[in-house]
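Engineer: Let me give you the structure first, and then I'll get to my questions.
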Amino acid sequence: MKHLSRLAFSDRKVFMLLVLTSVLIGATIIGQSYFFVAIVDRIFLGEERFQDILPLLAGLLAVLAGRTLFTWLNGRTGITLASKAKRYYRHSIIEKYARNPVQASLQGQSGRKVSVLMDSVDEIDGYFSSYIPQMIQTMIIPLMILVVVFTQHLYSGLIMVITAPFIPLFMAIIGVMTKKKSEEQMEKLNTFSGKFLDTLQGLTTLKLFGRSKQQKEEIESSSLGFRDATMEVLKVAFVSSLMLEFISMLSIGLIALEIAIRLVVYESVSFFTAFFILILAPEFYLTLKDFGSAFHTGRGASGAANLLTEELEKEEEHIQWGDEKLEGEHPPVLELNQVSFSYDEGFAMEGVTATIKPYDQVAIVGKSGSGKSTLLHLLAGLAKPSSGVVALHNRSLFDYEEREWFSRVSYISQHPYLFSGTIAENIAIGGRGNHSTEEIKEAAERAGIAQLIASLEKGYDTPVGEAGRGLSGGEKQRLALARTFLKKPSVILFDEPTTGLDLKTERILQASMEELAKTATIITVAHRLHTIKKADQILLLDRGHLIGNGTHEELLETVKEYRDMVTVQQGGDSA
């Protein structure tokens with residue numbers, strides 16, 4: 001809640017506007033009551049003609065219009081404040097994920113992250129659009145009404161002063177209950193969202209393994225848990241509204257009884273004063289009651305705010321980039337100097353040292369889980385070593401501008417991601433700026449996919465589904481290669497790009513990789529023996545340690561683990 005308050009009051013202009021509109025709303029409420037009582041008093045007791053009260057009617061219409069205008073302006077200011085706050089939180093969370101995409105993708109469920117980013121941020125809307133404006137109104141309007149009532153009748157003012165504290169006291173009691181239940185509700189929602197998205201993505205697998213019924217039951221249980229948590233919050237809200245209504249109506253009844261006795265029995269107050277106070281009293285308690293409802297909304301938002309703060313304050317590896325420029329277009333000398341890195345799950349890479357010369361073809365090999373993809377992430381700048389240095393031209397990779405380095409490197413994974421859009425748009429995303437249709441077609445031609453695109457009815461304007469739905473694995477890889485040809489990078493990283501592909505597609509990819517090798521350093525996580533043999537340098541990893549570094553022939557002579565791996569490959573790979 002403290003973080004929300006700081007954010008709400010950080011914009012001085014918005015705060016002053018809320019104060020000003022609240023004062024004006026208070027003034028129009030008092031003015032409205034005065035004109036209404038004056039009209040009734042003059043017509044029924046003063047027996048004045050309709051023409052005589054026209055100025056009063058005009059005044060009443062003016063203050064009604066003013067109250068409407070100022071209430072709208074106050075509400076609009078609150079909505080603007082909420083919009084800024086939600087934009088700030090979404091930008092902060094996305095920026096955090098972007099600072100270290102590898103860590104963000106590994107930690108937690110995607111569905112939960114989406115729920116925090118969308119649902120939790122939306123949940124804080126009420127704090128800024130309702131709670132803060134109403135809180136300011138409650139600090140100003142009842143005080144203005146109280147001053148007017150005291151000037152008219154002392155005892156009515158005293159009753160208001162005595163009864164008014166019961167409303168915030170009750171709100172505080174309800175608020176404690178609401179906060180905990182709202183936090184539970186948001187946690188249930190995030191759990192439900194995460195489980196639902198995970199299940200949806202793996203629905204085919206679950207069906208094939210006969211686990212769809214079990215997952216259906218788990219989703220149902222999670223959904224019912226969220227329903228029950230929501231109903232608990234609503235139950236507290238309804239009880240709160242009932243009690244606030246009861247307190248305010250009892251207080252108004254006491255004022256009305258006291259005024260009636262004074263007016264009828266003792267005749268110590270005038271009709272104008274009595275009626276004026278009876279009109280102002282409901283407005284006084286209505287403002288407090290509205291704050292009670294807004295208070296409930298504010299406490300509910302605190303649960304979402306805690307989740308957002310927790311997400312933003314989670315420990316992360318900050319990747320700070322420098323401001324140095326990369327000179328020249330030729331591939332740089334890449335050096336790994338005692339590089340170490342570890343994940344939360346326990347895997348650790350330790351003390352990797354190697355030098356990769358310009359235009360080298362480097363193969364990274366090793367068993368599954370040995371750290372091959374992790375090493376690519378470090379070379380790509382997607383992760384920062386916990387110790388040691390990845391260096392370019394004898395300087396740390398992170399001394400350079402992020403944009404400078406990422407404009408020179410391409411990373412093609414086993415499953416390159418394609419976005420919802422056309423084929424042309426998916427190729428163009430890999431470029432360095434605006435590219436002509438001819439350049440996109442040339443890149444597709446060099447990647448060996450132009451013939452396939454030409455056979456499609458809409459050609460380069462053919463829509464591609466989210467995550468490349470509608471395309472085979474080989475077609476996705478060739479589109480990723482087309483991106484690389486369009487970008488013309490000086491360093492290209494491949495993460496086992498030919499895994500699972502048919503022989504024809506693999507040959508097309510191998511030919512494209514050979515062409516790319518003429519102008520760039522190629523670093524490949526390899527598993528095919530013929531790819532490994534052609535490498536200028538082979539890095540052999542085992543459980544995060546570099547246990548071999550050299551050519552194919554050198555490693556055969558010096559590293560037993562490499563000989564064993566080659567023996568297994570020769571037994572299962574005729575190539």
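Here's how to read the names in the structure tokens: chain A, B, ... by the order shown, residue numbers from 1 in each chain, ligand numbers from 1 in the order shown.
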Using only C-alpha atoms, which protein or nucleic acid residues come within 10 Å of A:Leu288? Drop anything in the same chain fewer than 6 positions from it, and give the result as a list in words.
Structural biologist: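 Counting only C-alpha atoms, the residues come to Gln134, Met135, Gln137, Thr138, Met139, Ile141, Pro142, Ala164, Pro165, Ile167, Pro168, Leu244, Ser248, Pro282 and Ala294 of chain A.
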Engineer: Skip A:His377 itself and residues of its chain fewer than 3 positions away, then list as a PyMOL selection string all residues within 12 Å of it, counting only C-alpha atoms.
Structural biologist: chain A and resi 100-103+341+371-374+380-385+390+409-413+493-495+523+525
Engineer: I need the chosen residues saved as a compact mmCIF listing (two decimals), in the first residue's frame, with N, CA and C atoms.
Structural biologist:
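Final file, selection-v1.txt:
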```
# COMPACT_ATOMS: atom_id res chain seq x y z
N ASN A 100 16.46 -9.73 -18.61
CA ASN A 100 17.05 -11.06 -18.57
C ASN A 100 16.03 -12.08 -19.03
N PRO A 101 15.84 -12.19 -20.37
CA PRO A 101 14.79 -13.07 -20.90
C PRO A 101 15.00 -14.54 -20.58
N VAL A 102 16.27 -14.97 -20.44
CA VAL A 102 16.53 -16.38 -20.13
C VAL A 102 16.00 -16.70 -18.74
N GLN A 103 16.35 -15.85 -17.75
CA GLN A 103 15.87 -16.08 -16.39
C GLN A 103 14.36 -15.98 -16.31
N PHE A 341 28.68 -19.66 -14.45
CA PHE A 341 27.26 -19.26 -14.43
C PHE A 341 26.47 -20.37 -13.76
N GLY A 371 25.52 -28.14 -20.55
CA GLY A 371 25.67 -26.69 -20.54
C GLY A 371 25.86 -26.07 -21.90
N LYS A 372 25.51 -26.80 -22.96
CA LYS A 372 25.75 -26.29 -24.33
C LYS A 372 24.89 -25.05 -24.61
N SER A 373 23.60 -25.14 -24.35
CA SER A 373 22.71 -24.00 -24.60
C SER A 373 23.04 -22.83 -23.68
N THR A 374 23.44 -23.14 -22.45
CA THR A 374 23.84 -22.08 -21.51
C THR A 374 25.03 -21.30 -22.05
N ALA A 380 25.73 -15.06 -26.53
CA ALA A 380 24.76 -14.17 -27.18
C ALA A 380 24.51 -12.90 -26.37
N GLY A 381 24.90 -12.90 -25.09
CA GLY A 381 24.62 -11.75 -24.24
C GLY A 381 23.24 -11.81 -23.62
N LEU A 382 22.58 -12.96 -23.70
CA LEU A 382 21.26 -13.12 -23.09
C LEU A 382 21.36 -13.43 -21.60
N ALA A 383 22.53 -13.85 -21.17
CA ALA A 383 22.80 -14.09 -19.74
C ALA A 383 24.19 -13.55 -19.43
N LYS A 384 24.38 -13.11 -18.20
CA LYS A 384 25.66 -12.52 -17.79
C LYS A 384 26.38 -13.49 -16.86
N PRO A 385 27.67 -13.71 -17.07
CA PRO A 385 28.40 -14.64 -16.20
C PRO A 385 28.36 -14.18 -14.75
N VAL A 390 33.09 -12.61 -20.75
CA VAL A 390 32.97 -12.87 -22.19
C VAL A 390 33.45 -11.59 -22.87
N VAL A 409 24.78 -10.00 -34.01
CA VAL A 409 24.68 -11.42 -33.68
C VAL A 409 23.30 -11.96 -34.04
N SER A 410 23.26 -13.22 -34.47
CA SER A 410 21.99 -13.92 -34.70
C SER A 410 22.01 -15.23 -33.93
N TYR A 411 20.84 -15.61 -33.42
CA TYR A 411 20.72 -16.83 -32.63
C TYR A 411 19.57 -17.64 -33.23
N ILE A 412 19.87 -18.83 -33.71
CA ILE A 412 18.84 -19.71 -34.26
C ILE A 412 18.74 -20.95 -33.36
N SER A 413 17.61 -21.06 -32.68
CA SER A 413 17.43 -22.16 -31.74
C SER A 413 16.81 -23.37 -32.43
N LEU A 493 24.89 -17.93 -34.00
CA LEU A 493 24.81 -19.02 -33.02
C LEU A 493 23.69 -19.96 -33.42
N PHE A 494 24.01 -21.24 -33.54
CA PHE A 494 23.01 -22.26 -33.87
C PHE A 494 22.89 -23.23 -32.70
N ASP A 495 21.66 -23.47 -32.25
CA ASP A 495 21.42 -24.43 -31.18
C ASP A 495 20.78 -25.69 -31.77
N ILE A 523 29.02 -20.50 -34.60
CA ILE A 523 29.15 -21.29 -33.37
C ILE A 523 27.90 -22.17 -33.26
N VAL A 525 25.88 -25.59 -31.58
CA VAL A 525 25.71 -26.75 -30.70
C VAL A 525 25.41 -27.92 -31.62
```
Engineer: Can you tell me, as a PyMOL selection string, what residues are no more than 8 Å from A:Thr71 when counting only C-alpha atoms, ignoring any on the same chain fewer than 3 positions away?
Structural biologist: chain A and resi 21+25+67-68+74-75
Engineer: Write the selection just made, keeping N, CA and C atoms, as a PDB file, in the first residue's frame?
Structural biologist:
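After the write, again.pdb holds the following:
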```pdb
ATOM      1  N   THR A  21     -11.210  20.015  -7.154  1.00  0.00           N
ATOM      2  CA  THR A  21     -12.544  19.515  -7.543  1.00  0.00           C
ATOM      3  C   THR A  21     -13.332  19.054  -6.324  1.00  0.00           C
ATOM      4  N   ILE A  25     -16.899  20.435  -5.348  1.00  0.00           N
ATOM      5  CA  ILE A  25     -18.039  19.518  -5.137  1.00  0.00           C
ATOM      6  C   ILE A  25     -18.695  19.824  -3.794  1.00  0.00           C
ATOM      7  N   ARG A  67     -22.101  20.685  -9.883  1.00  0.00           N
ATOM      8  CA  ARG A  67     -21.793  19.441  -9.156  1.00  0.00           C
ATOM      9  C   ARG A  67     -21.548  18.294 -10.141  1.00  0.00           C
ATOM     10  N   THR A  68     -22.372  18.226 -11.170  1.00  0.00           N
ATOM     11  CA  THR A  68     -22.197  17.182 -12.189  1.00  0.00           C
ATOM     12  C   THR A  68     -20.843  17.322 -12.874  1.00  0.00           C
ATOM     13  N   ASN A  74     -13.523  15.120 -11.381  1.00  0.00           N
ATOM     14  CA  ASN A  74     -12.845  14.393 -10.316  1.00  0.00           C
ATOM     15  C   ASN A  74     -12.665  12.916 -10.683  1.00  0.00           C
ATOM     16  N   GLY A  75     -13.749  12.317 -11.210  1.00  0.00           N
ATOM     17  CA  GLY A  75     -13.676  10.911 -11.636  1.00  0.00           C
ATOM     18  C   GLY A  75     -12.711  10.702 -12.785  1.00  0.00           C
TER      19      GLY A  75
END
```
Engineer: I need the residues in stretch 209-457 of chain A that are helix (DSSP H, G or I) according to DSSP; give them as a PyMOL selection string.
Structural biologist: chain A and resi 212-265+271-313+372-380+397-399+402-406+423-428+437-446+450-455
Engineer: Name all residues at most 6 Å from A:Ile538 (count only C-alpha atoms; drop same-chain ones fewer than 2 positions away) and give them as a list in words.
Structural biologist: Val362, Ala363, Ile364, Asn549, Gly550 and Thr551 of chain A
Engineer: If we count only C-alpha atoms and set the cut-off at 12 Å, which residues sit around stretch 261-273 of chain A, ignoring sequence neighbours fewer than 6 positions away in its own chain? Please answer as a ChimeraX atom specification.
Structural biologist: /A:33-42,44-46,148-156,254-255,279-280
Engineer: When distances are computed from only C-alpha atoms, which of A:Ala450, A:Leu481, A:Val464, A:Leu556 shows the smallest separation from A:Gly431?
Structural biologist: A:Leu481
